[in-house]
$ cat work.tsv   # TSV, C-alpha atoms
chain	number	residue	atom	x	y	z
A	9	MET	CA	92.49	110.26	125.93
A	10	THR	CA	92.17	113.23	123.65
A	11	PHE	CA	95.62	114.42	124.48
A	12	GLU	CA	97.21	111.06	123.81
A	13	ARG	CA	95.50	110.63	120.48
A	14	THR	CA	96.48	114.04	119.27
A	15	ARG	CA	100.01	113.52	120.38
A	16	GLY	CA	100.04	110.09	118.79
A	17	ASP	CA	98.89	111.63	115.53
A	18	ARG	CA	101.63	114.17	115.69
A	19	LEU	CA	104.22	111.51	116.36
A	20	ALA	CA	102.79	109.36	113.63
A	21	ALA	CA	103.26	112.22	111.22
A	22	GLU	CA	106.95	112.26	111.99
A	23	GLY	CA	107.64	108.73	110.88
A	24	ARG	CA	107.07	105.09	111.54
A	25	LEU	CA	105.88	104.26	114.98
A	26	PRO	CA	105.92	101.20	117.13
A	27	SER	CA	102.46	99.70	116.98
A	28	GLU	CA	101.68	100.82	120.54
A	29	ARG	CA	101.82	104.42	119.40
A	30	VAL	CA	99.57	104.05	116.42
A	31	ALA	CA	96.22	105.67	117.18
A	32	LEU	CA	93.64	102.98	117.77
A	33	VAL	CA	91.09	104.70	115.58
A	34	ASP	CA	93.48	104.75	112.59
A	35	LEU	CA	94.27	101.12	113.17
A	36	LEU	CA	90.62	100.12	113.32
A	37	ASP	CA	89.92	101.99	110.09
A	38	ARG	CA	92.23	99.48	108.48
A	39	LEU	CA	91.62	96.33	110.46
A	40	LEU	CA	87.84	96.50	110.23
A	41	SER	CA	87.31	97.79	106.73
A	42	GLY	CA	90.56	96.57	105.16
A	43	GLY	CA	92.30	93.25	104.97
A	44	VAL	CA	91.31	90.24	102.98
A	45	VAL	CA	87.87	88.92	103.80
A	46	VAL	CA	87.91	85.15	103.82
A	47	SER	CA	85.31	83.11	105.56
A	48	GLY	CA	86.68	81.80	108.80
A	49	ASP	CA	84.85	78.66	109.86
A	50	ILE	CA	84.17	79.92	113.32
A	51	VAL	CA	83.13	83.48	112.60
A	52	LEU	CA	81.35	82.69	109.37
A	53	SER	CA	78.12	84.37	110.35
A	54	ILE	CA	79.62	87.62	111.57
A	55	ALA	CA	79.45	89.73	108.45
A	56	ASP	CA	82.19	92.28	108.00
A	57	ILE	CA	79.65	95.06	108.13
A	58	ASP	CA	78.53	93.88	111.53
A	59	LEU	CA	82.05	94.01	112.85
A	60	VAL	CA	82.45	97.61	111.86
A	61	ARG	CA	79.13	98.58	113.36
A	62	ILE	CA	79.70	96.69	116.57
A	63	SER	CA	83.18	98.05	117.05
A	64	VAL	CA	82.33	101.63	116.36
A	65	ARG	CA	79.49	101.32	118.82
A	66	ALA	CA	81.95	99.97	121.34
A	67	LEU	CA	84.23	102.93	120.75
A	68	PHE	CA	81.43	105.42	121.13
A	69	MET	CA	80.03	103.86	124.24
A	70	SER	CA	83.41	103.77	125.86
A	71	ILE	CA	84.14	107.38	125.06
A	72	ARG	CA	80.77	108.56	126.21
A	73	GLU	CA	81.13	106.76	129.50
A	74	SER	CA	84.50	108.29	130.20
A	75	GLU	CA	83.74	111.77	128.88
A	76	PRO	CA	80.04	112.37	129.33
A	77	ILE	CA	80.21	116.15	129.23
A	78	ARG	CA	82.34	116.46	126.15
A	79	ALA	CA	80.21	114.00	124.28
A	80	TYR	CA	76.81	115.46	125.02
A	81	GLU	CA	77.30	119.16	125.32
A	82	PRO	CA	78.01	120.05	121.70
A	83	VAL	CA	75.00	118.09	120.58
A	84	ARG	CA	72.70	120.04	122.88
A	85	SER	CA	74.07	123.43	121.96
A	86	ARG	CA	73.90	122.74	118.25
A	87	GLU	CA	70.37	121.45	118.20
A	88	PRO	CA	68.51	124.78	117.67
A	89	VAL	CA	70.92	125.92	114.98
A	90	ARG	CA	70.04	122.90	112.93
A	91	GLY	CA	66.40	123.91	112.97
A	92	TYR	CA	67.36	127.31	111.71
A	93	VAL	CA	69.32	126.11	108.72
A	94	THR	CA	66.51	124.13	107.22
A	95	ARG	CA	63.46	126.12	108.31
A	96	THR	CA	64.03	129.83	108.15
A	97	ASP	CA	60.35	130.51	108.84
A	98	ARG	CA	60.38	128.87	112.26
A	99	ASP	CA	63.54	130.10	113.77
A	100	PRO	CA	63.78	129.59	117.52
A	101	TYR	CA	65.98	132.68	117.72
A	102	GLY	CA	63.52	134.73	115.74
A	103	PRO	CA	61.73	137.84	117.01
A	104	GLU	CA	59.48	137.20	119.95
A	105	ASP	CA	56.43	139.35	119.62
B	10	MET	CA	97.41	69.94	114.30
B	11	ALA	CA	94.93	67.82	116.14
B	12	ALA	CA	91.74	69.77	116.46
B	13	ASP	CA	91.17	70.87	120.02
B	14	PRO	CA	87.45	71.47	120.43
B	15	GLY	CA	88.15	74.44	122.64
B	16	ALA	CA	90.68	76.06	120.31
B	17	GLY	CA	90.64	77.70	116.90
B	18	THR	CA	93.24	78.86	114.40
B	19	TYR	CA	93.44	82.63	114.03
B	20	LEU	CA	94.70	83.84	110.65
B	21	TYR	CA	96.73	87.08	110.42
B	22	ALA	CA	98.18	87.29	106.97
B	23	VAL	CA	99.30	85.39	103.91
B	24	ALA	CA	102.64	85.73	102.13
B	25	ALA	CA	104.32	83.94	99.24
B	26	GLU	CA	106.64	81.14	100.24
B	27	GLU	CA	109.47	81.99	97.86
B	28	THR	CA	109.68	85.52	99.22
B	29	ALA	CA	108.73	84.75	102.79
B	30	GLY	CA	112.10	85.70	104.18
B	31	ARG	CA	115.09	83.52	104.82
B	32	GLU	CA	115.05	80.35	106.86
B	33	ASP	CA	116.35	82.29	109.81
B	34	ALA	CA	114.03	85.25	109.45
B	35	LEU	CA	110.54	83.83	109.76
B	36	PRO	CA	109.23	80.48	110.83
B	37	ARG	CA	107.72	78.20	108.23
B	38	GLY	CA	105.82	75.73	110.24
B	39	GLY	CA	108.69	74.48	112.36
B	40	ALA	CA	106.66	74.11	115.51
B	41	GLY	CA	109.64	73.55	117.77
B	42	ARG	CA	111.64	76.52	116.56
B	43	GLU	CA	111.59	79.74	118.48
B	44	SER	CA	109.53	82.28	116.62
B	45	PRO	CA	111.07	85.64	115.72
B	46	LEU	CA	107.55	86.97	115.41
B	47	PRO	CA	105.83	88.82	118.24
B	48	ARG	CA	103.13	87.10	120.25
B	49	GLY	CA	99.76	87.01	118.62
B	50	VAL	CA	96.27	87.68	119.90
B	51	ALA	CA	95.47	86.25	123.33
B	52	GLY	CA	99.21	85.82	123.83
B	53	GLY	CA	99.42	82.91	121.39
B	54	GLU	CA	102.65	81.98	119.64
B	55	VAL	CA	102.57	82.77	115.94
B	56	ARG	CA	103.47	79.98	113.53
B	57	ALA	CA	103.44	79.54	109.79
B	58	ILE	CA	101.49	77.07	107.70
B	59	GLY	CA	103.05	76.54	104.28
B	60	ARG	CA	100.99	75.12	101.42
B	61	ALA	CA	100.99	75.45	97.66
B	62	GLY	CA	103.71	78.09	97.64
B	63	LEU	CA	101.90	80.29	100.16
B	64	VAL	CA	102.50	80.82	103.85
B	65	ALA	CA	99.72	81.61	106.31
B	66	TYR	CA	100.66	83.16	109.65
B	67	VAL	CA	98.42	81.88	112.40
B	68	SER	CA	98.16	81.28	116.12
B	69	THR	CA	95.94	79.18	118.30
B	70	VAL	CA	93.14	81.01	120.09
B	71	PRO	CA	90.72	79.89	122.79
B	72	LEU	CA	87.18	79.65	121.48
B	73	ASP	CA	85.74	80.90	124.73
B	74	GLN	CA	86.94	84.30	123.45
B	75	PHE	CA	87.09	83.78	119.71
B	76	GLY	CA	84.10	81.58	119.06
B	77	GLU	CA	81.21	83.09	117.21
B	78	GLU	CA	79.02	83.97	120.17
B	79	PRO	CA	81.83	85.12	122.50
B	80	LEU	CA	83.17	87.31	119.68
B	81	ARG	CA	79.97	89.27	119.53
B	82	ARG	CA	80.48	90.18	123.15
B	83	SER	CA	84.25	90.59	122.87
B	84	MET	CA	83.99	93.07	120.02
B	85	GLU	CA	81.91	95.34	122.22
B	86	ASP	CA	84.63	95.45	124.83
B	87	LEU	CA	86.94	98.27	123.87
B	88	ASP	CA	89.88	97.03	125.91
B	89	TRP	CA	89.62	93.59	124.36
B	90	LEU	CA	89.21	95.10	120.91
B	91	GLU	CA	92.24	97.33	121.31
B	92	GLU	CA	94.42	94.55	122.67
B	93	THR	CA	93.39	92.23	119.86
B	94	ALA	CA	93.77	94.86	117.15
B	95	ARG	CA	97.24	95.80	118.35
B	96	ALA	CA	98.38	92.18	118.59
B	97	HIS	CA	97.05	91.49	115.09
B	98	HIS	CA	98.82	94.60	113.83
B	99	ARG	CA	102.14	93.66	115.47
B	100	VAL	CA	102.17	90.30	113.72
B	101	VAL	CA	101.21	91.73	110.33
B	102	GLU	CA	103.85	94.47	110.69
B	103	ALA	CA	106.54	91.97	111.58
B	104	VAL	CA	105.77	89.87	108.51
B	105	ALA	CA	105.44	92.96	106.31
B	106	ARG	CA	108.92	94.09	107.31
B	107	GLU	CA	110.30	90.93	105.70
B	108	THR	CA	108.13	90.32	102.71
B	109	ALA	CA	105.09	91.23	100.67
B	110	VAL	CA	102.05	90.36	102.71
B	111	VAL	CA	98.29	90.26	102.35
B	112	PRO	CA	96.76	91.05	105.74
B	113	VAL	CA	93.53	89.30	106.64
B	114	ARG	CA	90.67	91.12	108.31
B	115	LEU	CA	90.59	91.21	112.09
B	116	VAL	CA	89.23	88.10	113.86
B	117	THR	CA	89.18	85.55	111.07
B	118	VAL	CA	89.17	82.23	112.91
B	119	TYR	CA	89.23	78.66	111.62
B	120	SER	CA	88.47	75.43	113.41
B	121	GLY	CA	91.99	74.16	112.78
B	122	ASP	CA	95.21	74.42	110.80
B	123	ALA	CA	93.95	71.93	108.23
B	124	GLN	CA	91.27	74.36	107.13
B	125	VAL	CA	93.78	77.16	106.72
B	126	GLY	CA	95.91	74.84	104.57
B	127	ALA	CA	92.88	74.04	102.45
B	128	LEU	CA	92.14	77.75	102.09
B	129	LEU	CA	95.64	78.38	100.72
B	130	GLU	CA	95.14	75.66	98.11
B	131	GLU	CA	91.66	76.70	97.11
B	132	ARG	CA	92.37	80.39	96.87
B	133	TYR	CA	95.94	80.19	95.61
B	134	ASP	CA	95.28	82.24	92.45
B	135	ASP	CA	93.43	84.94	94.36
B	136	PHE	CA	96.14	85.28	96.99
B	137	ALA	CA	98.88	85.25	94.35
B	138	ARG	CA	97.18	88.09	92.48
B	139	ALA	CA	96.63	90.07	95.67
B	140	LEU	CA	100.28	89.57	96.63
B	141	ALA	CA	101.45	90.73	93.22
B	142	ARG	CA	99.35	93.86	93.63
B	143	VAL	CA	100.89	94.88	96.94
B	144	ALA	CA	104.47	93.62	96.43
B	145	GLY	CA	107.02	96.41	96.77
B	146	ARG	CA	104.34	98.84	97.88
B	147	GLN	CA	103.26	100.40	101.13
B	148	GLU	CA	100.10	101.99	102.36
B	149	TRP	CA	100.11	105.58	103.59
B	150	GLY	CA	97.28	107.28	105.40
B	151	VAL	CA	96.46	110.95	104.95
B	152	LYS	CA	93.89	112.76	107.04
B	153	VAL	CA	92.79	116.27	106.22
B	154	TYR	CA	90.85	118.42	108.67
B	155	ALA	CA	88.73	121.45	108.05
B	156	ALA	CA	90.33	124.67	109.23
B	157	PRO	CA	88.81	126.27	112.33
B	158	GLY	CA	85.80	128.24	111.15
B	159	GLU	CA	85.13	125.90	108.26
B	160	GLU	CA	82.93	123.71	110.39
B	161	PRO	CA	79.41	123.01	109.29
B	162	ASP	CA	76.77	123.92	111.85
B	163	GLU	CA	74.94	120.65	111.87
B	164	PRO	CA	76.47	117.87	113.91
B	165	GLU	CA	75.03	115.37	111.44
B	166	GLU	CA	77.04	116.84	108.65
B	167	ARG	CA	80.24	116.55	110.52
B	168	ARG	CA	80.15	112.90	109.66
B	169	GLY	CA	79.43	113.29	105.98
B	170	ARG	CA	81.82	114.43	103.33
B	171	PRO	CA	81.69	118.15	102.70
B	172	ALA	CA	80.64	117.79	99.09
B	173	GLU	CA	77.60	115.77	100.11
B	174	ALA	CA	76.92	118.13	102.96
B	175	ALA	CA	77.01	121.08	100.61
B	176	ALA	CA	74.55	119.35	98.31
B	177	ARG	CA	72.23	118.62	101.22
B	178	GLU	CA	72.41	122.21	102.37
B	179	ARG	CA	71.51	123.46	98.95
B	180	ILE	CA	68.46	121.23	98.94
B	181	ALA	CA	67.51	122.27	102.44
B	182	GLY	CA	67.91	125.91	101.49
B	183	GLU	CA	65.54	125.53	98.56
B	184	GLU	CA	62.74	124.40	100.80
B	185	ALA	CA	61.97	127.82	102.15
B	186	PRO	CA	63.73	130.53	100.15
B	187	GLU	CA	60.56	132.62	100.15
B	188	ALA	CA	60.39	132.85	103.88
B	189	GLY	CA	63.91	134.19	104.13
B	190	ALA	CA	63.25	136.75	101.43
B	191	ARG	CA	60.06	137.92	103.09
B	192	GLU	CA	61.86	138.29	106.36
B	193	ARG	CA	64.53	140.43	104.78
B	194	ALA	CA	62.04	142.54	102.90
B	195	ALA	CA	60.06	143.17	106.04
B	196	GLY	CA	63.11	144.20	107.98
B	197	GLU	CA	64.78	146.37	105.37
B	198	GLU	CA	62.13	148.06	103.34
B	199	ALA	CA	58.97	148.38	105.34
B	200	PRO	CA	59.64	149.11	108.97
B	201	GLU	CA	56.34	149.66	110.70
B	202	PRO	CA	55.82	153.17	112.03
B	203	GLY	CA	56.57	153.50	115.70
B	204	LYS	CA	59.04	150.64	115.74
B	205	THR	CA	62.76	150.73	115.40
B	206	PRO	CA	63.78	150.42	111.75
B	207	GLU	CA	65.29	147.03	112.35
B	208	ARG	CA	64.07	144.81	115.12
B	209	PRO	CA	66.82	143.13	117.12
B	210	GLY	CA	65.46	139.71	116.18
B	211	THR	CA	65.68	140.53	112.49
B	212	ALA	CA	69.21	141.81	112.85
B	213	TYR	CA	70.07	138.61	114.57
B	214	LEU	CA	68.46	136.60	111.82
B	215	LYS	CA	70.40	138.41	109.15
B	216	ARG	CA	73.62	138.01	111.01
B	217	ARG	CA	72.94	134.32	111.41
B	218	GLN	CA	72.14	133.97	107.73
B	219	ARG	CA	75.37	135.64	106.74
B	220	GLN	CA	77.20	133.44	109.17
B	221	ILE	CA	75.61	130.29	107.82
B	222	ARG	CA	76.19	131.27	104.21
B	223	GLY	CA	79.80	131.95	105.10
B	224	ARG	CA	80.07	128.58	106.71
B	225	GLU	CA	78.49	126.78	103.79
B	226	GLU	CA	81.01	128.47	101.59
B	227	ALA	CA	83.90	127.56	103.88
B	228	TRP	CA	82.68	123.99	104.20
B	229	ARG	CA	82.51	123.67	100.44
B	230	ARG	CA	86.00	125.13	100.27
B	231	ALA	CA	87.24	122.51	102.74
B	232	GLY	CA	85.61	119.82	100.61
B	233	ALA	CA	87.20	121.12	97.44
B	234	ARG	CA	90.58	121.23	99.15
B	235	ALA	CA	90.13	117.60	100.24
B	236	GLU	CA	89.32	116.61	96.65
B	237	ASP	CA	92.42	118.42	95.38
B	238	ILE	CA	94.66	116.75	97.92
B	239	HIS	CA	93.12	113.35	97.23
B	240	GLY	CA	93.64	113.87	93.51
B	241	ALA	CA	97.26	114.94	93.89
B	242	LEU	CA	98.10	112.00	96.15
B	243	SER	CA	96.19	109.51	94.02
B	244	SER	CA	98.32	110.47	91.04
B	245	ILE	CA	101.42	109.30	92.92
B	246	ALA	CA	99.76	106.18	94.31
B	247	VAL	CA	98.99	103.04	92.33
B	248	ALA	CA	95.66	102.75	94.15
B	249	SER	CA	93.73	104.89	96.57
B	250	ARG	CA	90.76	104.51	98.81
B	251	ARG	CA	88.76	106.77	101.09
B	252	HIS	CA	87.89	105.54	104.53
B	253	ARG	CA	84.93	107.01	106.36
B	254	ALA	CA	85.82	110.32	107.97
B	255	GLN	CA	86.54	109.85	111.66
B	256	ASP	CA	84.07	111.44	114.00
B	257	PRO	CA	85.60	114.24	116.08
B	258	GLN	CA	84.92	112.14	119.17
B	259	LEU	CA	87.09	109.36	117.80
B	260	SER	CA	89.79	111.44	116.19
B	261	GLY	CA	90.12	113.46	119.38
B	262	ARG	CA	90.16	116.64	117.32
B	263	PRO	CA	87.58	119.38	117.39
B	264	GLU	CA	87.79	120.01	113.64
B	265	SER	CA	85.84	117.95	111.15
B	266	MET	CA	87.79	115.49	109.08
B	267	VAL	CA	87.25	116.09	105.39
B	268	LEU	CA	89.51	113.35	104.04
B	269	ASN	CA	90.56	110.00	105.48
B	270	GLY	CA	92.49	108.58	102.56
B	271	ALA	CA	94.61	105.47	102.10
B	272	TYR	CA	97.17	105.30	99.32
B	273	LEU	CA	99.11	102.34	98.00
B	274	VAL	CA	102.49	103.69	96.98
B	275	ASP	CA	105.56	102.10	95.41
B	276	ARG	CA	108.28	101.84	98.01
B	277	GLU	CA	110.61	103.98	95.89
B	278	ARG	CA	108.04	106.75	95.70
B	279	GLY	CA	107.42	106.89	99.45
B	280	GLU	CA	109.68	109.91	99.86
B	281	GLU	CA	108.02	111.72	97.02
B	282	PHE	CA	104.63	110.96	98.51
B	283	ALA	CA	105.66	112.33	101.92
B	284	ARG	CA	107.12	115.45	100.31
B	285	THR	CA	103.90	116.01	98.41
B	286	VAL	CA	101.90	115.75	101.62
B	287	GLU	CA	104.28	118.28	103.15
B	288	ARG	CA	103.72	120.64	100.25
B	289	LEU	CA	99.95	120.28	100.46
B	290	ARG	CA	100.05	121.42	104.06
B	291	GLY	CA	99.59	125.09	104.62
B	292	GLN	CA	96.63	125.49	102.28
B	293	GLY	CA	94.47	125.79	105.38
B	294	GLY	CA	93.37	122.97	107.62
B	295	ASP	CA	95.64	120.34	109.09
B	296	VAL	CA	97.03	117.51	106.97
B	297	GLN	CA	98.32	114.41	108.73
B	298	LEU	CA	100.37	111.59	107.34
B	299	THR	CA	100.45	108.13	108.92
B	300	GLY	CA	102.39	105.11	107.83
B	301	PRO	CA	103.89	103.31	106.18
B	302	TRP	CA	101.29	100.67	106.89
B	303	ALA	CA	101.04	97.11	105.69
B	304	PRO	CA	98.63	97.25	102.73
B	305	TYR	CA	95.51	96.71	104.83
B	306	SER	CA	93.25	98.89	102.75
B	307	PHE	CA	94.31	97.25	99.50
B	308	ALA	CA	94.32	93.61	100.46
B	309	VAL	CA	91.34	92.29	98.58
B	310	LEU	CA	90.73	89.08	96.73
B	311	ASP	CA	89.36	89.54	93.25
B	312	ASP	CA	85.95	88.07	93.85
B	313	GLU	CA	85.29	90.19	96.88
B	314	ASP	CA	83.80	93.07	94.96
B	315	GLY	CA	80.81	91.17	93.70
B	316	GLY	CA	80.70	88.35	96.22
B	317	PRO	CA	78.22	88.04	99.04
B	318	ARG	CA	80.91	89.01	101.53
B	319	GLY	CA	82.21	91.72	99.27
B	320	GLY	CA	84.64	94.27	100.62
B	321	ASP	CA	83.56	97.85	100.31
B	322	LEU	CA	86.16	99.68	98.31
B	323	ARG	CA	84.63	103.09	98.39

$ encode --input "work.tsv" --output "structure tokens"
Amino acid sequence: MTFERTRGDRLAAEGRLPSERVALVDLLDRLLSGGVVVSGDIVLSIADIDLVRISVRALFMSIRESEPIRAYEPVRSREPVRGYVTRTDRDPYGPED
Amino acid sequence: MAADPGAGTYLYAVAAEETAGREDALPRGGAGRESPLPRGVAGGEVRAIGRAGLVAYVSTVPLDQFGEEPLRRSMEDLDWLEETARAHHRVVEAVARETAVVPVRLVTVYSGDAQVGALLEERYDDFARALARVAGRQEWGVKVYAAPGEEPDEPEERRGRPAEAAARERIAGEEAPEAGARERAAGEEAPEPGKTPERPGTAYLKRRQRQIRGREEAWRRAGARAEDIHGALSSIAVASRRHRAQDPQLSGRPESMVLNGAYLVDRERGEEFARTVERLRGQGGDVQLTGPWAPYSFAVLDDEDGGPRGGDLR
């Protein structure tokens, strides 16, 4: 998935692409937060904000399911560093006496 | 069209009738004629509804997928979402190749063609203004990434813009400046007798602090570069807009995105815009150009800004 997206981006940079080659995430940027908002009778109660939230959640869930290691590992390894940035007096890497 | 209780009318885009291509280019409501447009969402055939000098491009969709409740489920299904988004995009692109077009947001569904016709009449002025705004113009997308080593440490900040992140870091840093100073003083000036002059932990701390300060600096630099690029491109564009930075998990890139811009550019200045993007490359960090797109990010009706369903133009 990663490979295809990156390659798609590179191809996209070279010129116009058939819609199949447009990266989904770039497309959703536009289709979910762009475009005229008119109230459709059927989807009246789905606010545009909801659509963005729901869809991004869908994207995340899908990616996490297919790439569990990639998705979780960086978060774990970065966690202690975050504590360090904001609280220099309680550094987990600090001297252990 | 007789309302089928199990079917709805899906709206893709609106164009002006007088510029909506030649008779042979795009359909204008001739139901029997073969459509030169690609298939729409759910495989439906795209047709045109003409009213009041405007043309709406629509197709019929089954409500068991596109009704309100089913949509909530459907939108959570990535395969369905992708298929629908791409079909929507294909139709909008096909129309945009022929004429100025105002794309409508994904999954806007009406109970029948009559309601779409009524919409064209009621909102004629708004659509006409929106069409005038995008006519002869194309949208370009430009994404700028931080250079390797310019990453912020905190995963949270990867999602924010660097300028905001820098501000947050400054605030965070002010919370405990004393502690850091004490630590340094203890390590550098008053080593206790019998101990090594600098304890390994302290050395580590100092190294980390330098590293973090360096990163803050680099992250601010990436943010400033994004602002410069956005400014330069905005001066060529007639309108610009910043989309939310894509998360590294979605962009498929390890680097943080510092700019996800959309620019509405006169067709004649497209080359100039692309050349400018080319020139702005090589200042560090990757710069990617996508497009030309139909003017998705700039298709707004005038009352949307203040209205209850207002579009977010930030």

$ atom_distance --input "work.tsv" --atom1 "CA of Pro112 in chain B" --atom2 "CA of Tyr305 in chain B"
5.9 Å

$ closest_residue --input "work.tsv" --among "B:Gln220, B:Thr108, B:Thr117, B:Ser244" --to "Ser68 in chain B" --atoms "all atoms listed in the file"
B:Thr117

$ residues_around --input "work.tsv" --residues "range 125-129 of chain B" --least-positions-apart "5" --cutoff "9 Å" --atoms "all atoms listed in the file" --output "count of residues only"
17

$ atom_distance --input "work.tsv" --atom1 "CA of Thr211 in chain B" --atom2 "CA of Glu159 in chain B"
24.7 Å

$ atom_distance --input "work.tsv" --atom1 "CA of Asp237 in chain B" --atom2 "CA of Ala271 in chain B"
14.8 Å

$ axis_aligned_box --input "work.tsv" --around "range 115-123 of chain B" --padding-each-side "3 Å" --output "lines of an AutoDock Vina configuration file"
center_x = 91.8
center_y = 81.6
center_z = 111.0
size_x = 12.7
size_y = 25.3
size_z = 11.6

$ residues_around --input "work.tsv" --residues "range 32-37 of chain A" --least-positions-apart "3" --cutoff "7 Å" --atoms "all atoms listed in the file" --output "compact mmCIF listing (two decimals) with C-alpha atoms, in the coordinates of the input"
# COMPACT_ATOMS: atom_id res chain seq x y z
CA LEU A 40 87.84 96.50 110.23
CA SER A 41 87.31 97.79 106.73
CA GLU B 91 92.24 97.33 121.31
CA HIS B 252 87.89 105.54 104.53
CA LEU B 259 87.09 109.36 117.80
CA SER B 260 89.79 111.44 116.19

$ closest_residue --input "work.tsv" --among "B:Pro301, B:Gly53, B:Pro79, B:Gly232" --to "chain A" --atoms "all atoms listed in the file"
B:Pro301

$ residues_around --input "work.tsv" --residues "Ala94 in chain B" --least-positions-apart "5" --cutoff "12 Å" --atoms "all atoms listed in the file" --output "ChimeraX atom specification"
/A:27-28,30-40,63 /B:21,49-51,83-84,86-89,99-102,113-116

$ closest_residue --input "work.tsv" --among "B:Phe282, B:Tyr66, B:Trp228, B:Tyr213" --to "chain A" --atoms "all atoms listed in the file"
B:Tyr213
